[in-house]
file query_26.cif (mmCIF, C-alpha atoms)
data_structure
loop_
_atom_site.label_atom_id
_atom_site.label_comp_id
_atom_site.auth_asym_id
_atom_site.auth_seq_id
_atom_site.Cartn_x
_atom_site.Cartn_y
_atom_site.Cartn_z
CA MET C 1 129.44 167.19 87.77
CA THR C 2 131.71 170.09 86.72
CA LEU C 3 131.03 169.28 83.06
CA ILE C 4 127.28 169.45 83.72
CA ILE C 5 127.75 172.78 85.50
CA SER C 6 129.58 174.09 82.43
CA MET C 7 126.69 173.05 80.19
CA GLY C 8 124.35 175.01 82.47
CA LEU C 9 126.61 178.07 82.56
CA LEU C 10 126.96 178.10 78.77
CA PRO C 11 123.41 179.29 77.92
CA ILE C 12 123.49 181.75 80.85
CA TYR C 13 126.55 183.34 79.26
CA LEU C 14 125.18 183.16 75.71
CA TYR C 15 121.97 184.94 76.68
CA SER C 16 123.81 187.47 78.84
CA THR C 17 121.38 190.25 77.88
CA ILE C 18 119.17 188.65 80.50
CA SER C 19 120.21 189.21 84.12
CA PRO C 20 122.17 186.11 85.20
CA THR C 21 120.70 186.07 88.70
CA ASP C 22 117.59 184.08 87.81
CA GLY C 23 119.55 181.79 85.51
CA LEU C 24 122.16 180.98 88.14
CA LEU C 25 119.54 180.36 90.84
CA PHE C 26 117.64 178.12 88.43
CA LEU C 27 120.85 176.25 87.58
CA LEU C 28 121.57 175.77 91.29
CA LEU C 29 118.10 174.30 91.82
CA LEU C 30 118.55 172.11 88.75
CA ILE C 31 121.90 170.79 89.93
CA CYS C 32 120.58 170.09 93.43
CA SER C 33 117.66 168.19 91.92
CA THR C 34 119.87 166.08 89.65
CA VAL C 35 121.76 164.84 92.72
CA PHE C 36 118.92 162.34 93.23
CA GLY C 37 119.61 160.94 89.77
CA ALA C 38 123.34 160.73 90.44
CA VAL C 39 122.71 158.94 93.75
CA TYR C 40 120.33 156.52 92.02
CA VAL C 41 122.93 155.68 89.37
CA SER C 42 125.65 155.15 91.97
CA LEU C 43 123.43 152.98 94.16
CA ILE C 44 122.15 150.68 91.42
CA ASN C 45 125.66 150.26 90.04
CA ASP C 46 126.95 149.15 93.44
CA PHE C 47 123.81 147.09 94.10
CA THR C 48 124.08 145.07 90.89
CA ASP C 49 127.88 144.71 91.22
CA LEU C 50 127.77 143.64 94.87
CA GLU C 51 128.01 139.87 94.36
CA GLU C 52 130.78 140.16 91.76
CA ASP C 53 132.77 142.64 93.87
CA LEU C 54 132.61 140.44 96.96
CA LYS C 55 133.68 137.42 94.92
CA ALA C 56 136.72 139.29 93.62
CA GLY C 57 137.54 140.88 96.99
CA LYS C 58 136.78 144.36 95.71
CA LYS C 59 135.32 146.93 98.11
CA ASN C 60 131.69 147.88 97.50
CA ARG C 61 130.00 150.80 99.26
CA LEU C 62 126.83 148.78 99.94
CA GLN C 63 128.50 145.74 101.46
CA ASN C 64 128.00 146.96 105.03
CA PHE C 65 124.29 147.68 104.55
CA SER C 66 121.48 145.17 105.04
CA SER C 67 119.34 144.14 102.06
CA SER C 68 116.39 146.17 103.33
CA MET C 69 118.57 149.26 103.79
CA ARG C 70 119.91 148.93 100.25
CA ILE C 71 116.37 148.77 98.86
CA ALA C 72 115.34 151.72 101.04
CA LEU C 73 118.21 153.88 99.76
CA ILE C 74 117.38 153.11 96.14
CA SER C 75 113.68 153.79 96.79
CA VAL C 76 114.43 157.21 98.30
CA SER C 77 116.52 158.15 95.25
CA VAL C 78 113.69 157.04 92.94
CA ILE C 79 111.20 159.18 94.89
CA GLY C 80 113.61 162.12 94.48
CA ILE C 81 113.73 161.52 90.72
CA VAL C 82 109.92 161.51 90.54
CA LEU C 83 109.81 164.84 92.37
CA PHE C 84 112.46 166.19 90.02
CA ILE C 85 110.41 165.16 86.97
CA TYR C 86 107.36 166.92 88.39
CA LEU C 87 109.35 170.06 89.24
CA PHE C 88 110.84 170.43 85.74
CA SER C 89 107.93 169.09 83.70
CA SER C 90 107.61 172.48 81.96
CA TYR C 91 110.86 171.80 80.09
CA PRO C 92 110.07 168.60 78.16
CA VAL C 93 113.05 168.59 75.77
CA GLY C 94 115.77 168.76 78.41
CA LEU C 95 113.82 166.62 80.86
CA SER C 96 113.50 163.88 78.23
CA PHE C 97 117.29 163.69 77.94
CA LEU C 98 117.71 163.42 81.72
CA ILE C 99 115.05 160.71 81.97
CA ALA C 100 116.83 158.90 79.13
CA SER C 101 120.08 158.95 81.14
CA TRP C 102 118.40 157.19 84.09
CA ILE C 103 116.73 154.65 81.81
CA VAL C 104 120.03 153.89 80.08
CA TYR C 105 121.81 153.41 83.41
CA THR C 106 119.05 151.13 84.64
CA LEU C 107 119.51 148.98 81.53
CA TYR C 108 123.27 149.25 81.98
CA SER C 109 123.15 147.81 85.49
CA PHE C 110 120.19 145.44 85.92
CA PRO C 111 119.81 141.96 84.41
CA PRO C 112 118.62 140.50 82.19
CA VAL C 113 119.67 143.36 79.89
CA ARG C 114 122.77 144.44 81.90
CA LEU C 115 124.47 146.33 79.09
CA LYS C 116 127.57 146.60 81.25
CA ALA C 117 128.35 142.98 80.37
CA ARG C 118 127.64 143.40 76.65
CA ARG C 119 130.97 144.69 75.39
CA GLY C 120 130.54 147.73 73.12
CA TRP C 121 126.95 148.27 74.19
CA GLY C 122 128.19 148.85 77.71
CA VAL C 123 130.66 151.50 76.54
CA LEU C 124 127.95 153.27 74.54
CA ALA C 125 125.42 153.09 77.41
CA ASP C 126 127.82 154.49 79.99
CA SER C 127 128.85 157.36 77.72
CA LEU C 128 125.21 158.20 76.97
CA GLY C 129 124.10 157.93 80.59
CA ALA C 130 127.05 159.66 82.26
CA HIS C 131 127.87 162.39 79.75
CA VAL C 132 125.73 162.78 76.63
CA PHE C 133 122.18 162.86 78.00
CA PRO C 134 123.01 164.85 81.19
CA SER C 135 125.00 167.47 79.23
CA MET C 136 122.29 167.85 76.59
CA GLY C 137 119.55 167.83 79.21
CA ILE C 138 121.06 170.56 81.39
CA PHE C 139 121.86 172.78 78.38
CA ALA C 140 118.35 172.35 76.97
CA ILE C 141 116.52 172.98 80.27
CA VAL C 142 118.48 176.15 81.10
CA SER C 143 118.08 177.43 77.51
CA ASP C 144 114.35 176.74 77.63
CA PHE C 145 114.09 178.54 80.98
CA LEU C 146 115.93 181.62 79.69
CA VAL C 147 114.59 182.07 76.14
CA GLN C 148 111.87 179.42 75.76
CA SER C 149 113.74 177.72 72.91
CA VAL C 150 116.54 175.22 72.31
CA ASP C 151 119.37 175.51 69.79
CA TRP C 152 119.30 172.03 68.25
CA TYR C 153 122.50 172.51 66.28
CA ALA C 154 124.33 173.42 69.47
CA LEU C 155 122.66 170.53 71.26
CA THR C 156 123.90 168.11 68.60
CA LEU C 157 127.46 169.42 68.85
CA ILE C 158 127.38 169.08 72.65
CA GLY C 159 125.99 165.56 72.37
CA LEU C 160 128.65 164.36 69.91
CA TRP C 161 131.50 165.95 71.84
CA SER C 162 130.39 164.51 75.18
CA LEU C 163 129.89 161.10 73.53
CA PHE C 164 133.56 160.84 72.60
CA TYR C 165 134.71 162.24 75.93
CA GLY C 166 132.48 159.65 77.58
CA PHE C 167 134.03 156.90 75.46
CA ARG C 168 137.48 157.79 76.76
CA GLY C 169 136.25 157.92 80.34
CA ILE C 170 134.50 154.54 80.45
CA LEU C 171 137.18 152.78 78.40
CA GLY C 172 139.88 154.05 80.75
CA HIS C 173 137.85 152.76 83.70
CA GLN C 174 137.23 149.38 82.05
CA TYR C 175 140.90 148.81 81.26
CA LEU C 176 141.83 149.69 84.84
CA ASP C 177 139.26 147.11 86.04
CA ARG C 178 140.15 144.54 83.39
CA LYS C 179 141.75 141.99 85.73
CA HIS C 180 138.85 142.21 88.18
CA ASP C 181 136.28 141.79 85.40
CA GLU C 182 138.13 138.80 83.95
CA MET C 183 138.25 137.23 87.42
CA VAL C 184 134.45 137.34 87.78
CA GLY C 185 133.74 136.51 84.13
CA LEU C 186 132.30 139.91 83.22
CA GLN C 187 132.51 140.40 79.45
CA THR C 188 133.21 144.09 79.02
CA PHE C 189 134.67 145.76 75.96
CA ALA C 190 138.07 145.84 77.68
CA THR C 191 138.14 142.10 78.41
CA GLN C 192 137.46 141.33 74.74
CA PHE C 193 139.53 144.06 73.07
CA SER C 194 143.29 143.82 73.64
CA PHE C 195 145.50 146.62 74.97
CA GLN C 196 147.37 146.63 71.67
CA LYS C 197 144.19 147.22 69.65
CA MET C 198 143.02 149.91 72.09
CA LYS C 199 146.38 151.63 71.79
CA ARG C 200 145.79 152.03 68.05
CA ILE C 201 142.40 153.73 68.38
CA GLU C 202 142.81 155.90 71.50
CA LEU C 203 144.44 158.77 69.59
CA PRO C 204 141.72 158.91 66.87
CA LEU C 205 139.07 158.92 69.63
CA PHE C 206 140.79 161.86 71.29
CA LEU C 207 141.25 163.80 68.06
CA VAL C 208 137.54 163.52 67.19
CA GLU C 209 136.65 164.74 70.69
CA LEU C 210 139.06 167.68 70.36
CA PHE C 211 137.72 168.55 66.88
CA LEU C 212 134.16 168.64 68.25
CA LEU C 213 135.25 170.80 71.19
CA PHE C 214 136.77 173.27 68.73
CA GLY C 215 133.47 173.22 66.86
CA ILE C 216 131.53 174.13 70.02
CA LEU C 217 133.88 176.94 71.02
CA LEU C 218 133.89 178.38 67.50
CA TYR C 219 130.11 178.06 67.08
CA PHE C 220 129.51 179.96 70.31
CA GLN C 221 132.34 182.41 69.51
CA LEU C 222 134.10 181.61 72.76
CA SER C 223 137.57 182.77 71.72
CA PRO C 224 138.71 183.32 75.37
CA LEU C 225 138.07 179.64 76.05
CA LEU C 226 140.10 178.75 72.95
CA PHE C 227 142.90 180.87 74.41
CA LEU C 228 142.57 178.99 77.72
CA LEU C 229 142.77 175.74 75.76
CA GLY C 230 146.11 176.89 74.34
CA ILE C 231 147.31 177.79 77.85
CA TYR C 232 146.22 174.36 79.06
CA PHE C 233 148.19 172.54 76.34
CA LEU C 234 151.26 174.64 77.10
CA TYR C 235 150.84 173.80 80.79
CA ILE C 236 150.65 170.03 80.27
CA LEU C 237 153.58 170.15 77.84
CA ILE C 238 155.71 171.84 80.51
CA LEU C 239 154.59 169.25 83.05
CA LYS C 240 155.58 166.44 80.71
CA LEU C 241 158.97 167.92 79.87
CA ARG C 242 159.84 169.20 83.35
CA VAL C 243 158.36 166.49 85.62
CA GLY C 244 157.89 163.58 83.21
CA ILE C 245 154.17 163.21 83.81
CA GLN C 246 152.62 160.71 81.39
CA LEU C 247 149.65 162.06 79.45
CA VAL C 248 146.78 159.54 79.34
CA LEU C 249 144.33 159.29 76.46
CA VAL C 250 142.64 156.03 77.52
CA LEU C 251 145.15 153.48 78.78
CA HIS C 252 146.79 154.26 82.11
CA PRO C 253 150.54 153.64 82.51
CA ASP C 254 152.17 151.76 85.38
CA GLN C 255 154.13 154.82 86.52
CA PRO C 256 152.63 156.76 89.46
CA THR C 257 152.59 160.19 87.81
CA TRP C 258 150.04 160.51 85.02
CA ASN C 259 147.46 163.02 83.91
CA ILE C 260 144.29 162.33 81.90
CA LEU C 261 144.46 164.62 78.89
CA MET C 262 141.76 167.35 78.98
CA ALA C 263 140.54 166.43 82.48
CA SER C 264 141.86 169.66 84.02
CA TYR C 265 140.50 171.72 81.15
CA TYR C 266 137.00 170.28 81.51
CA GLN C 267 136.98 170.33 85.31
CA VAL C 268 138.74 173.65 85.98
CA PHE C 269 139.54 175.81 82.93
CA LEU C 270 136.14 175.47 81.23
CA PRO C 271 133.78 176.17 84.18
CA VAL C 272 135.99 178.86 85.76
CA GLY C 273 136.47 180.44 82.33
CA LEU C 274 132.72 180.58 81.77
CA ILE C 275 132.18 182.10 85.22
CA CYS C 276 134.79 184.80 84.49
CA LEU C 277 133.29 185.57 81.08
CA LEU C 278 129.88 185.99 82.69
CA ALA C 279 131.40 188.17 85.39
CA MET C 280 132.78 190.63 82.82
CA ASN C 281 129.28 192.10 82.52
CA HIS C 282 128.13 191.19 86.03
CA PRO C 283 131.14 191.56 88.43
CA TRP C 284 129.38 189.97 91.40
CA VAL C 285 129.57 186.63 89.55
CA TYR C 286 133.31 186.53 90.37
CA LEU C 287 132.18 185.47 93.86
CA LEU C 288 131.24 182.13 92.33
CA VAL C 289 134.90 181.31 91.62
CA PRO C 290 135.92 180.70 95.29
CA ILE C 291 132.62 178.89 95.85
CA PHE C 292 133.39 176.62 92.89
CA ILE C 293 136.90 175.95 94.25
CA LEU C 294 135.51 175.04 97.69
CA LEU C 295 132.92 172.69 96.18
CA PHE C 296 135.28 170.97 93.72
CA PRO C 297 138.79 171.17 95.19
CA ASN C 298 140.26 167.81 94.10
CA GLU C 299 141.38 168.64 90.56
CA ILE C 300 142.53 172.10 91.65
CA LEU C 301 144.61 170.69 94.53
CA ARG C 302 146.00 168.08 92.19
CA ASN C 303 147.19 170.76 89.79
CA VAL C 304 148.60 172.84 92.63
CA ALA C 305 150.73 169.80 93.49
CA PHE C 306 151.82 169.55 89.86
CA LEU C 307 152.70 173.25 89.75
CA ARG C 308 154.74 172.94 92.93
CA SER C 309 156.61 170.05 91.33
CA LEU C 310 157.82 172.39 88.57
CA PHE C 311 159.91 174.19 91.19
CA SER C 312 160.85 171.15 93.25
CA PRO C 313 162.80 167.96 92.53
CA VAL C 314 160.06 165.95 94.29
CA GLU C 315 157.59 164.35 91.88
CA PRO C 316 153.87 164.68 92.72
CA LYS C 317 151.83 161.62 93.46
CA GLU C 318 148.56 160.78 91.77
CA LEU C 319 145.65 162.04 93.87
#

call {"tool": "encode", "arguments": {"input": "query_26.cif", "output": "structure tokens"}}
result
Amino acid sequence: MTLIISMGLLPIYLYSTISPTDGLLFLLLLICSTVFGAVYVSLINDFTDLEEDLKAGKKNRLQNFSSSMRIALISVSVIGIVLFIYLFSSYPVGLSFLIASWIVYTLYSFPPVRLKARRGWGVLADSLGAHVFPSMGIFAIVSDFLVQSVDWYALTLIGLWSLFYGFRGILGHQYLDRKHDEMVGLQTFATQFSFQKMKRIELPLFLVELFLLFGILLYFQLSPLLFLLGIYFLYILILKLRVGIQLVLVLHPDQPTWNILMASYYQVFLPVGLICLLAMNHPWVYLLVPIFILLFPNEILRNVAFLRSLFSPVEPKEL
């Protein structure tokens, strides 16, 4: 969600000659509306995984609901999506990307297609549905709202960058769930592609993602965010040297203290940095920083624990 917020804040900052008030209110409405899509994705994922999760003894959020209640919840989320489509029908480019994300996740979850069980197709579908299409959709809709046009070069850069970030996210999740998926016979990419092979390609995946991020920040002339990126790398280097925290690209280690590389930058540095850049011309926007912290405290609290560990012999635990 924080990544999607950043993609909405980006055009508001870029077109800062326009008062940000309308743009921020529009982004708030847009984010509230997309919650229906997020709920739909979560529900159908749990719904289609229910039998496999129960077989493997894995907790599923729908297991305590009756069949009729499960269908009712999914139906309500679909109705919300329909209302969302009607509300933002004036922005066809961005809306098309968001609709594509829901279609992809439907194909990802439901048989007979069920891309989740189709190895590499599942990885691609999850990355497109969770990161690429939502990021491109939010950026395009807010841009269209502000200046009635969409920067397709920027949109392409955002799509490619979020694709590789999405690859790392879903692959990390699949390898964590590998034993469970093997137990129920689910053929994911991780069950077919060994840890050793994954170890050889996780660094190239990350480097491509980082290269594309540099491209975005340079294209938009966001030098302060490049500076924050340098601060972030210095921060994680100190954590590694001082506390021994393992930096994760894709594969998670057995040790309890690890940190997914770039997660804090995407979830804290990037959105807060964009808010502060916007506030340089409109000081009242600084009020959004504490609101952001209250709404998304987990990663911030996690890093507070890490920072405390720099001055304490006690190692932080993974949150």

call {"tool": "atom_distance", "arguments": {"input": "query_26.cif", "atom1": "CA of Lys55 in chain C", "atom2": "CA of Val184 in chain C"}}
result
7.2 Å

call {"tool": "resolve_selection", "arguments": {"input": "query_26.cif", "expression": "the PyMOL selection byres ((chain C and resi 284-286) around 12)", "output": "ChimeraX atom specification"}}
result
/C:9,12-13,19-21,23-25,272-283,287-293

call {"tool": "write_last_selection", "arguments": {"input": "query_26.cif", "atoms": "C-alpha atoms", "output": "PDB file, keeping the file's coordinate frame"}}
result
ATOM      1  CA  LEU C   9     126.610 178.070  82.560  1.00  0.00           C
ATOM      2  CA  ILE C  12     123.490 181.750  80.850  1.00  0.00           C
ATOM      3  CA  TYR C  13     126.550 183.340  79.260  1.00  0.00           C
ATOM      4  CA  SER C  19     120.210 189.210  84.120  1.00  0.00           C
ATOM      5  CA  PRO C  20     122.170 186.110  85.200  1.00  0.00           C
ATOM      6  CA  THR C  21     120.700 186.070  88.700  1.00  0.00           C
ATOM      7  CA  GLY C  23     119.550 181.790  85.510  1.00  0.00           C
ATOM      8  CA  LEU C  24     122.160 180.980  88.140  1.00  0.00           C
ATOM      9  CA  LEU C  25     119.540 180.360  90.840  1.00  0.00           C
ATOM     10  CA  VAL C 272     135.990 178.860  85.760  1.00  0.00           C
ATOM     11  CA  GLY C 273     136.470 180.440  82.330  1.00  0.00           C
ATOM     12  CA  LEU C 274     132.720 180.580  81.770  1.00  0.00           C
ATOM     13  CA  ILE C 275     132.180 182.100  85.220  1.00  0.00           C
ATOM     14  CA  CYS C 276     134.790 184.800  84.490  1.00  0.00           C
ATOM     15  CA  LEU C 277     133.290 185.570  81.080  1.00  0.00           C
ATOM     16  CA  LEU C 278     129.880 185.990  82.690  1.00  0.00           C
ATOM     17  CA  ALA C 279     131.400 188.170  85.390  1.00  0.00           C
ATOM     18  CA  MET C 280     132.780 190.630  82.820  1.00  0.00           C
ATOM     19  CA  ASN C 281     129.280 192.100  82.520  1.00  0.00           C
ATOM     20  CA  HIS C 282     128.130 191.190  86.030  1.00  0.00           C
ATOM     21  CA  PRO C 283     131.140 191.560  88.430  1.00  0.00           C
ATOM     22  CA  LEU C 287     132.180 185.470  93.860  1.00  0.00           C
ATOM     23  CA  LEU C 288     131.240 182.130  92.330  1.00  0.00           C
ATOM     24  CA  VAL C 289     134.900 181.310  91.620  1.00  0.00           C
ATOM     25  CA  PRO C 290     135.920 180.700  95.290  1.00  0.00           C
ATOM     26  CA  ILE C 291     132.620 178.890  95.850  1.00  0.00           C
ATOM     27  CA  PHE C 292     133.390 176.620  92.890  1.00  0.00           C
ATOM     28  CA  ILE C 293     136.900 175.950  94.250  1.00  0.00           C
TER      29      ILE C 293
END

call {"tool": "resolve_selection", "arguments": {"input": "query_26.cif", "expression": "the PyMOL selection byres ((chain C and resi 52) around 10)", "output": "ChimeraX atom specification"}}
result
/C:46,48-51,53-58,60,180-181,183-186

call {"tool": "closest_residue", "arguments": {"input": "query_26.cif", "among": "C:Gln174, C:Ser264, C:Ser89, C:Ser309", "to": "Thr191 in chain C", "atoms": "only C-alpha atoms"}}
result
C:Gln174

call {"tool": "closest_residue", "arguments": {"input": "query_26.cif", "among": "C:Gly80, C:Pro297, C:Pro204, C:Pro134", "to": "Val250 in chain C", "atoms": "only C-alpha atoms"}}
result
C:Pro204

call {"tool": "resolve_selection", "arguments": {"input": "query_26.cif", "expression": "the PyMOL selection byres ((chain C and resi 171) around 9)", "output": "PyMOL selection string"}}
result
chain C and resi 123+166-170+172-176+189-190+250-251

call {"tool": "residues_around", "arguments": {"input": "query_26.cif", "residues": "His131 in chain C", "least_positions_apart": "5", "cutoff": "8 Å", "atoms": "all atoms listed in the file", "output": "list in words"}}
result
Asp126, Ser162, Leu163, Tyr165 and Gly166 of chain C

call {"tool": "residues_around", "arguments": {"input": "query_26.cif", "residues": "Val147 in chain C", "least_positions_apart": "3", "cutoff": "8 Å", "atoms": "all atoms listed in the file", "output": "PyMOL selection string"}}
result
chain C and resi 15+143-144

call {"tool": "atom_distance", "arguments": {"input": "query_26.cif", "atom1": "CA of Tyr40 in chain C", "atom2": "CA of Lys116 in chain C"}}
result
16.3 Å

call {"tool": "atom_distance", "arguments": {"input": "query_26.cif", "atom1": "CA of Phe97 in chain C", "atom2": "CA of Phe84 in chain C"}}
result
13.2 Å
